[in-house]
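See below for query.pdb, which holds PDB, C-alpha atoms, pLDDT in the B column.
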ATOM      1  CA  MET W   1      19.580 -20.126   5.222  1.00 62.00           C
ATOM      2  CA  ASN W   2      17.459 -22.957   6.563  1.00 90.00           C
ATOM      3  CA  GLU W   3      14.466 -24.508   4.809  1.00 93.00           C
ATOM      4  CA  PHE W   4      11.935 -22.754   7.066  1.00 90.00           C
ATOM      5  CA  THR W   5      13.391 -19.323   6.274  1.00 87.00           C
ATOM      6  CA  GLU W   6      13.467 -20.107   2.558  1.00 91.00           C
ATOM      7  CA  ALA W   7       9.873 -21.328   2.651  1.00 91.00           C
ATOM      8  CA  MET W   8       8.675 -18.141   4.378  1.00 88.00           C
ATOM      9  CA  ARG W   9      10.500 -15.973   1.799  1.00 88.00           C
ATOM     10  CA  GLN W  10       8.016 -17.306  -0.778  1.00 89.00           C
ATOM     11  CA  LEU W  11       5.152 -15.453   0.910  1.00 88.00           C
ATOM     12  CA  ALA W  12       4.689 -11.806  -0.091  1.00 88.00           C
ATOM     13  CA  ALA W  13       4.274  -9.525   2.920  1.00 93.00           C
ATOM     14  CA  GLY W  14       3.321  -5.882   3.211  1.00 96.00           C
ATOM     15  CA  VAL W  15       6.107  -3.567   4.381  1.00 98.00           C
ATOM     16  CA  ALA W  16       5.510  -1.096   7.191  1.00 98.00           C
ATOM     17  CA  VAL W  17       7.508   1.189   9.449  1.00 97.00           C
ATOM     18  CA  VAL W  18       6.589   1.142  13.140  1.00 97.00           C
ATOM     19  CA  THR W  19       7.571   4.146  15.243  1.00 96.00           C
ATOM     20  CA  VAL W  20       7.273   5.086  18.886  1.00 96.00           C
ATOM     21  CA  ARG W  21       8.132   8.275  20.684  1.00 94.00           C
ATOM     22  CA  GLU W  22      10.080   7.776  23.878  1.00 88.00           C
ATOM     23  CA  GLY W  23      10.724  11.015  25.669  1.00 86.00           C
ATOM     24  CA  ARG W  24      12.761  13.223  23.345  1.00 85.00           C
ATOM     25  CA  ASP W  25      13.749  10.397  21.005  1.00 88.00           C
ATOM     26  CA  ASP W  26      11.990   8.513  18.219  1.00 91.00           C
ATOM     27  CA  ILE W  27      12.588   4.838  17.580  1.00 92.00           C
ATOM     28  CA  GLY W  28      11.401   2.858  14.579  1.00 94.00           C
ATOM     29  CA  THR W  29      11.960  -0.224  12.463  1.00 94.00           C
ATOM     30  CA  THR W  30      10.775  -1.861   9.261  1.00 96.00           C
ATOM     31  CA  VAL W  31       8.421  -4.808   9.695  1.00 96.00           C
ATOM     32  CA  THR W  32       6.681  -7.308   7.463  1.00 95.00           C
ATOM     33  CA  THR W  33       4.762  -9.010  10.263  1.00 95.00           C
ATOM     34  CA  PHE W  34       1.886  -6.616  10.785  1.00 97.00           C
ATOM     35  CA  THR W  35      -1.738  -7.525  10.153  1.00 96.00           C
ATOM     36  CA  SER W  36      -5.317  -6.738  11.054  1.00 97.00           C
ATOM     37  CA  LEU W  37      -6.688  -8.870  13.853  1.00 97.00           C
ATOM     38  CA  SER W  38     -10.251  -7.669  14.450  1.00 97.00           C
ATOM     39  CA  MET W  39     -12.707  -5.323  12.792  1.00 96.00           C
ATOM     40  CA  ASP W  40     -14.914  -4.766  15.853  1.00 97.00           C
ATOM     41  CA  PRO W  41     -13.176  -3.418  17.780  1.00 97.00           C
ATOM     42  CA  PRO W  42     -10.445  -2.502  15.289  1.00 98.00           C
ATOM     43  CA  MET W  43      -7.294  -4.329  16.380  1.00 98.00           C
ATOM     44  CA  VAL W  44      -3.926  -5.153  14.832  1.00 98.00           C
ATOM     45  CA  LEU W  45      -1.119  -7.611  15.506  1.00 98.00           C
ATOM     46  CA  LEU W  46       2.572  -6.731  15.324  1.00 98.00           C
ATOM     47  CA  SER W  47       5.519  -9.109  15.716  1.00 97.00           C
ATOM     48  CA  LEU W  48       8.954  -7.801  16.741  1.00 96.00           C
ATOM     49  CA  ASP W  49      12.297  -9.452  17.401  1.00 94.00           C
ATOM     50  CA  SER W  50      12.396  -9.847  21.199  1.00 95.00           C
ATOM     51  CA  ALA W  51      16.094  -8.966  21.291  1.00 93.00           C
ATOM     52  CA  GLY W  52      15.585  -5.677  19.424  1.00 91.00           C
ATOM     53  CA  TYR W  53      15.671  -2.256  21.032  1.00 91.00           C
ATOM     54  CA  LEU W  54      12.255  -1.288  19.643  1.00 93.00           C
ATOM     55  CA  CYS W  55      10.704  -4.280  21.405  1.00 95.00           C
ATOM     56  CA  GLU W  56      12.337  -3.186  24.654  1.00 94.00           C
ATOM     57  CA  VAL W  57      10.929   0.327  24.251  1.00 94.00           C
ATOM     58  CA  MET W  58       7.454  -0.898  23.293  1.00 96.00           C
ATOM     59  CA  LEU W  59       7.292  -3.005  26.440  1.00 96.00           C
ATOM     60  CA  ARG W  60       7.471   0.350  28.307  1.00 95.00           C
ATOM     61  CA  GLN W  61       5.546   2.550  25.870  1.00 95.00           C
ATOM     62  CA  ASP W  62       2.051   1.401  24.885  1.00 97.00           C
ATOM     63  CA  GLN W  63       1.202   3.884  22.129  1.00 98.00           C
ATOM     64  CA  TRP W  64       2.804   3.741  18.681  1.00 98.00           C
ATOM     65  CA  ALA W  65       2.213   4.399  14.997  1.00 98.00           C
ATOM     66  CA  VAL W  66       2.627   2.401  11.822  1.00 98.00           C
ATOM     67  CA  THR W  67       2.961   3.564   8.228  1.00 98.00           C
ATOM     68  CA  LEU W  68       2.105   1.041   5.524  1.00 98.00           C
ATOM     69  CA  LEU W  69       4.655   1.959   2.868  1.00 98.00           C
ATOM     70  CA  SER W  70       3.896   2.585  -0.790  1.00 98.00           C
ATOM     71  CA  GLY W  71       5.775   1.130  -3.744  1.00 97.00           C
ATOM     72  CA  GLY W  72       8.052   4.148  -4.070  1.00 96.00           C
ATOM     73  CA  GLN W  73       9.285   4.002  -0.472  1.00 97.00           C
ATOM     74  CA  SER W  74      11.756   1.101  -0.587  1.00 96.00           C
ATOM     75  CA  VAL W  75      14.614   3.447   0.400  1.00 94.00           C
ATOM     76  CA  ILE W  76      12.749   4.342   3.593  1.00 95.00           C
ATOM     77  CA  ALA W  77      12.145   0.646   4.291  1.00 96.00           C
ATOM     78  CA  SER W  78      15.863  -0.047   3.855  1.00 93.00           C
ATOM     79  CA  ARG W  79      16.866   2.844   6.133  1.00 91.00           C
ATOM     80  CA  PHE W  80      14.672   1.596   8.964  1.00 92.00           C
ATOM     81  CA  ALA W  81      15.818  -2.019   8.441  1.00 92.00           C
ATOM     82  CA  THR W  82      19.538  -1.254   8.718  1.00 86.00           C
ATOM     83  CA  PRO W  83      21.163  -2.606  11.920  1.00 79.00           C
ATOM     84  CA  GLY W  84      22.632   0.067  14.185  1.00 75.00           C
ATOM     85  CA  ARG W  85      20.489   2.764  12.608  1.00 71.00           C
ATOM     86  CA  PRO W  86      20.346   6.212  14.222  1.00 66.00           C
ATOM     87  CA  SER W  87      17.298   7.905  15.711  1.00 76.00           C
ATOM     88  CA  ALA W  88      14.193   7.730  13.522  1.00 77.00           C
ATOM     89  CA  ARG W  89      14.242  11.534  13.272  1.00 77.00           C
ATOM     90  CA  LEU W  90      17.537  11.344  11.377  1.00 78.00           C
ATOM     91  CA  LEU W  91      16.201   8.609   9.085  1.00 81.00           C
ATOM     92  CA  VAL W  92      13.285  10.787   7.933  1.00 82.00           C
ATOM     93  CA  ALA W  93      15.074  14.151   7.937  1.00 84.00           C
ATOM     94  CA  SER W  94      14.577  14.546   4.174  1.00 87.00           C
ATOM     95  CA  VAL W  95      11.258  12.664   4.021  1.00 92.00           C
ATOM     96  CA  PRO W  96       7.845  14.303   4.519  1.00 95.00           C
ATOM     97  CA  HIS W  97       6.406  13.161   7.848  1.00 96.00           C
ATOM     98  CA  HIS W  98       4.340  14.368  10.777  1.00 96.00           C
ATOM     99  CA  ARG W  99       3.460  13.366  14.323  1.00 96.00           C
ATOM    100  CA  GLY W 100       0.357  11.378  15.077  1.00 97.00           C
ATOM    101  CA  ALA W 101      -2.324  13.361  16.900  1.00 97.00           C
ATOM    102  CA  ARG W 102      -2.942  10.580  19.434  1.00 97.00           C
ATOM    103  CA  THR W 103       0.505   9.064  20.011  1.00 97.00           C
ATOM    104  CA  GLU W 104       2.959  11.789  18.932  1.00 96.00           C
ATOM    105  CA  ALA W 105       4.837   9.008  17.112  1.00 96.00           C
ATOM    106  CA  MET W 106       6.266   9.847  13.698  1.00 96.00           C
ATOM    107  CA  ILE W 107       4.123   9.004  10.697  1.00 97.00           C
ATOM    108  CA  ILE W 108       5.711   8.935   7.253  1.00 97.00           C
ATOM    109  CA  ASP W 109       3.743  10.716   4.547  1.00 98.00           C
ATOM    110  CA  GLY W 110       3.216   9.111   1.147  1.00 98.00           C
ATOM    111  CA  GLY W 111       2.425   5.573   2.286  1.00 98.00           C
ATOM    112  CA  VAL W 112      -0.741   3.695   1.403  1.00 98.00           C
ATOM    113  CA  ALA W 113      -2.062   4.130   4.954  1.00 98.00           C
ATOM    114  CA  ALA W 114      -1.030   5.037   8.474  1.00 98.00           C
ATOM    115  CA  LEU W 115      -2.592   4.392  11.833  1.00 98.00           C
ATOM    116  CA  GLU W 116      -1.997   4.823  15.530  1.00 98.00           C
ATOM    117  CA  ALA W 117      -2.408   2.038  18.049  1.00 98.00           C
ATOM    118  CA  GLU W 118      -2.218   1.195  21.729  1.00 98.00           C
ATOM    119  CA  THR W 119      -0.905  -2.148  22.924  1.00 98.00           C
ATOM    120  CA  SER W 120      -3.502  -4.072  24.896  1.00 98.00           C
ATOM    121  CA  ARG W 121      -1.689  -7.398  25.219  1.00 98.00           C
ATOM    122  CA  VAL W 122       1.870  -8.706  24.833  1.00 98.00           C
ATOM    123  CA  VAL W 123       2.466 -12.361  23.967  1.00 98.00           C
ATOM    124  CA  PRO W 124       5.911 -14.035  23.838  1.00 97.00           C
ATOM    125  CA  GLY W 125       6.353 -16.187  20.730  1.00 95.00           C
ATOM    126  CA  GLY W 126       9.701 -17.934  20.345  1.00 95.00           C
ATOM    127  CA  ASP W 127      12.348 -15.354  19.469  1.00 95.00           C
ATOM    128  CA  HIS W 128       9.661 -12.722  18.787  1.00 96.00           C
ATOM    129  CA  THR W 129       7.141 -10.792  20.857  1.00 98.00           C
ATOM    130  CA  LEU W 130       3.586 -10.232  19.635  1.00 98.00           C
ATOM    131  CA  PHE W 131       1.873  -6.930  20.333  1.00 98.00           C
ATOM    132  CA  VAL W 132      -1.919  -7.056  20.174  1.00 98.00           C
ATOM    133  CA  ALA W 133      -3.166  -3.495  19.870  1.00 98.00           C
ATOM    134  CA  THR W 134      -6.345  -1.475  19.637  1.00 98.00           C
ATOM    135  CA  VAL W 135      -6.420   0.989  16.769  1.00 98.00           C
ATOM    136  CA  LEU W 136      -6.736   4.511  18.145  1.00 98.00           C
ATOM    137  CA  GLY W 137      -7.293   6.023  14.726  1.00 98.00           C
ATOM    138  CA  VAL W 138      -6.463   5.884  11.047  1.00 98.00           C
ATOM    139  CA  ASP W 139      -4.251   8.829  10.133  1.00 97.00           C
ATOM    140  CA  TYR W 140      -4.669   8.519   6.357  1.00 98.00           C
ATOM    141  CA  VAL W 141      -5.454   6.073   3.546  1.00 98.00           C
ATOM    142  CA  ASP W 142      -4.321   6.499  -0.075  1.00 98.00           C
ATOM    143  CA  PRO W 143      -5.594   3.617  -2.236  1.00 97.00           C
ATOM    144  CA  SER W 144      -4.267   5.309  -5.387  1.00 97.00           C
ATOM    145  CA  LEU W 145      -0.701   4.215  -4.561  1.00 97.00           C
ATOM    146  CA  PRO W 146       0.654   0.676  -4.972  1.00 97.00           C
ATOM    147  CA  PRO W 147       1.723  -0.956  -1.696  1.00 98.00           C
ATOM    148  CA  LEU W 148       5.312  -2.008  -1.024  1.00 98.00           C
ATOM    149  CA  VAL W 149       5.763  -5.747  -0.430  1.00 97.00           C
ATOM    150  CA  ARG W 150       8.733  -7.938   0.389  1.00 96.00           C
ATOM    151  CA  LEU W 151       9.054 -11.159  -1.571  1.00 92.00           C
ATOM    152  CA  ARG W 152      12.064 -13.472  -1.819  1.00 92.00           C
ATOM    153  CA  GLY W 153      14.282 -10.996   0.005  1.00 89.00           C
ATOM    154  CA  ARG W 154      13.464  -7.987  -2.189  1.00 93.00           C
ATOM    155  CA  TYR W 155      11.193  -4.976  -1.920  1.00 94.00           C
ATOM    156  CA  ARG W 156       8.714  -4.699  -4.774  1.00 93.00           C
ATOM    157  CA  ALA W 157       5.865  -2.360  -5.676  1.00 93.00           C
ATOM    158  CA  LEU W 158       2.641  -4.331  -5.991  1.00 85.00           C
ATOM    159  CA  GLY W 159       0.512  -3.406  -8.957  1.00 78.00           C
TER     160      GLY W 159
END

Mind turning this structure into structure tokens?
Amino acid sequence: MNEFTEAMRQLAAGVAVVTVREGRDDIGTTVTTFTSLSMDPPMVLLSLDSAGYLCEVMLRQDQWAVTLLSGGQSVIASRFATPGRPSARLLVASVPHHRGARTEAMIIDGGVAALEAETSRVVPGGDHTLFVATVLGVDYVDPSLPPLVRLRGRYRALG
């Protein structure tokens, strides 16, 4: 591990699962590089590995969903972070979830929040691609649950 990677591991980051529906399949991955960008209009920023399959799909499919995971959902985060993972539908087969009304992307129930978004701009950034997106709607918010964060290579419930 290089010094830059070790330095960035010292920063706690919220854990989310991004999903997109492509035809009959669902694709998703765990991310820690997701943040709000603007309040008016509501916009978010997502960073994905440019070499990843989800990035390839999202360059073709503009609408997607994101679930901000709660402290008890580290197993879900691990499932979606595993290389060579199967379809997102198989990863959530035993987990309560539903489809977003606007995007039809899978939304995992039991997180601290979930929203749907539409990419408005794509920006290359080194080995990652940034997706600037307009929020189409907030699916749910549950402030009673602690959020899941990643710090020093481990998932942890905050609070």

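Across the model, the gap from atom CA of Arg21 of chain W to atom CA of Gly137 of chain W is 16.7 Å.
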
Shortest contact to Ser94 of chain W, candidates W:Tyr155, W:Val18, W:Val75, W:Val138, atoms counted only C-alpha atoms, goes to W:Val75

Rounded to one decimal in Å, what is the spacing between atom CA of Gln73 of chain W and atom CA of Val31 of chain W? 13.5 Å

Computed gap from atom CA of Gly14 of chain W to atom CA of Ala77 of chain W is 11.0 Å

Of the residues W:Asp40, W:Asp127, W:Asp26, W:Asp49, which is the one nearest to Ile107 of chain W, using all atoms listed in the file?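 Checking each candidate against Ile107 of chain W, we get W:Asp26 as the closest.
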
Taking a cut-off of 12 Å and counting only C-alpha atoms, can you build a table that, for each residue of segment 16-82 of chain W near segment 95-105 of chain W, reports the nearest atom pair and how far apart they are in Å (one decimal), sorted by chain then residue number, as JSON lines?
{"residue": "W:Val17", "atom": "CA", "partner": "W:Ala105", "partner_atom": "CA", "distance": 11.3}
{"residue": "W:Val18", "atom": "CA", "partner": "W:Ala105", "partner_atom": "CA", "distance": 9.0}
{"residue": "W:Thr19", "atom": "CA", "partner": "W:Ala105", "partner_atom": "CA", "distance": 5.9}
{"residue": "W:Val20", "atom": "CA", "partner": "W:Ala105", "partner_atom": "CA", "distance": 4.9}
{"residue": "W:Arg21", "atom": "CA", "partner": "W:Ala105", "partner_atom": "CA", "distance": 4.9}
{"residue": "W:Glu22", "atom": "CA", "partner": "W:Ala105", "partner_atom": "CA", "distance": 8.6}
{"residue": "W:Gly23", "atom": "CA", "partner": "W:Glu104", "partner_atom": "CA", "distance": 10.3}
{"residue": "W:Arg24", "atom": "CA", "partner": "W:Glu104", "partner_atom": "CA", "distance": 10.8}
{"residue": "W:Asp25", "atom": "CA", "partner": "W:Ala105", "partner_atom": "CA", "distance": 9.8}
{"residue": "W:Asp26", "atom": "CA", "partner": "W:Ala105", "partner_atom": "CA", "distance": 7.3}
{"residue": "W:Ile27", "atom": "CA", "partner": "W:Ala105", "partner_atom": "CA", "distance": 8.8}
{"residue": "W:Gly28", "atom": "CA", "partner": "W:Ala105", "partner_atom": "CA", "distance": 9.3}
{"residue": "W:Met58", "atom": "CA", "partner": "W:Ala105", "partner_atom": "CA", "distance": 12.0}
{"residue": "W:Gln61", "atom": "CA", "partner": "W:Thr103", "partner_atom": "CA", "distance": 10.1}
{"residue": "W:Asp62", "atom": "CA", "partner": "W:Thr103", "partner_atom": "CA", "distance": 9.2}
{"residue": "W:Gln63", "atom": "CA", "partner": "W:Thr103", "partner_atom": "CA", "distance": 5.6}
{"residue": "W:Trp64", "atom": "CA", "partner": "W:Ala105", "partner_atom": "CA", "distance": 5.9}
{"residue": "W:Ala65", "atom": "CA", "partner": "W:Ala105", "partner_atom": "CA", "distance": 5.7}
{"residue": "W:Val66", "atom": "CA", "partner": "W:Ala105", "partner_atom": "CA", "distance": 8.7}
{"residue": "W:Thr67", "atom": "CA", "partner": "W:His97", "partner_atom": "CA", "distance": 10.2}
{"residue": "W:Gln73", "atom": "CA", "partner": "W:Val95", "partner_atom": "CA", "distance": 10.0}
{"residue": "W:Val75", "atom": "CA", "partner": "W:Val95", "partner_atom": "CA", "distance": 10.5}
{"residue": "W:Ile76", "atom": "CA", "partner": "W:Val95", "partner_atom": "CA", "distance": 8.5}
{"residue": "W:Arg79", "atom": "CA", "partner": "W:Val95", "partner_atom": "CA", "distance": 11.5}

Check which residues satisfy the PyMOL selection byres ((chain W and resi 34) around 8) in the file shown, then give them as a PyMOL selection string. chain W and resi 14+16+31-33+35-36+44-47

Contacts of Pro147 of chain W at 7 Å (all atoms listed in the file; same-chain gap of 3+ positions) as a list of chain:residue names: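 So the residues in contact are W:Leu69, W:Ser70, W:Gly71, W:Val112, W:Ala157, W:Leu158.
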
Picked residues, the PyMOL selection byres ((chain W and resi 120) around 6), expected as a PyMOL selection string: chain W and resi 119+121+132-133

Using all atoms listed in the file, can you tell me which of W:Leu59, W:Val135, W:Asp142, W:Arg150 comes closest to Met39 of chain W?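 Comparing W:Leu59, W:Val135, W:Asp142, W:Arg150 against Met39 of chain W, the winner is W:Val135.
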
Env of Leu48 of chain W: 7 Å cut, atoms = all atoms listed in the file, seq-sep filter 2 positions within chain, self excluded. Answer as a PDB file with C-alpha atoms, in the frame of the given file.
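Final file, selection-v6.pdb:
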ATOM      1  CA  LEU W  46       2.572  -6.731  15.324  1.00 98.00           C
ATOM      2  CA  SER W  50      12.396  -9.847  21.199  1.00 95.00           C
ATOM      3  CA  CYS W  55      10.704  -4.280  21.405  1.00 95.00           C
ATOM      4  CA  HIS W 128       9.661 -12.722  18.787  1.00 96.00           C
ATOM      5  CA  THR W 129       7.141 -10.792  20.857  1.00 98.00           C
ATOM      6  CA  LEU W 130       3.586 -10.232  19.635  1.00 98.00           C
TER       7      LEU W 130
END

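Closest to Val15 of chain W among W:Ala88, W:Ser78, W:Leu54, W:Tyr140 is W:Ser78, based on only C-alpha atoms.
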
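Remark: for Leu148 of chain W, the closest of the candidate residues W:Pro83, W:Pro42, W:Gly110, W:Gly52 is W:Gly110 (distances computed over all atoms listed in the file).
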
Closest of W:Pro124, W:Asp109, W:Phe131, W:Thr30 to Gly72 of chain W - atom-to-atom distances counting only C-alpha atoms: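 So, comparing all the options, the nearest one is W:Asp109.
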
Neighbouring residues of Leu136 of chain W were defined as those with any atom within 7 Å, considering only C-alpha atoms; residues of the same chain fewer than 3 positions away were excluded. Please report them as a ChimeraX atom specification. /W:116-118

Might I get the box with edges along x, y and z of the file that holds all atoms of segment 17-33 of chain W listed there, padded by 4 Å on every side, given as centre and edge lengths in Å to one decimal, as lines of an AutoDock Vina configuration file?
center_x = 9.3
center_y = 2.1
center_z = 16.6
size_x = 17.0
size_y = 30.2
size_z = 26.2
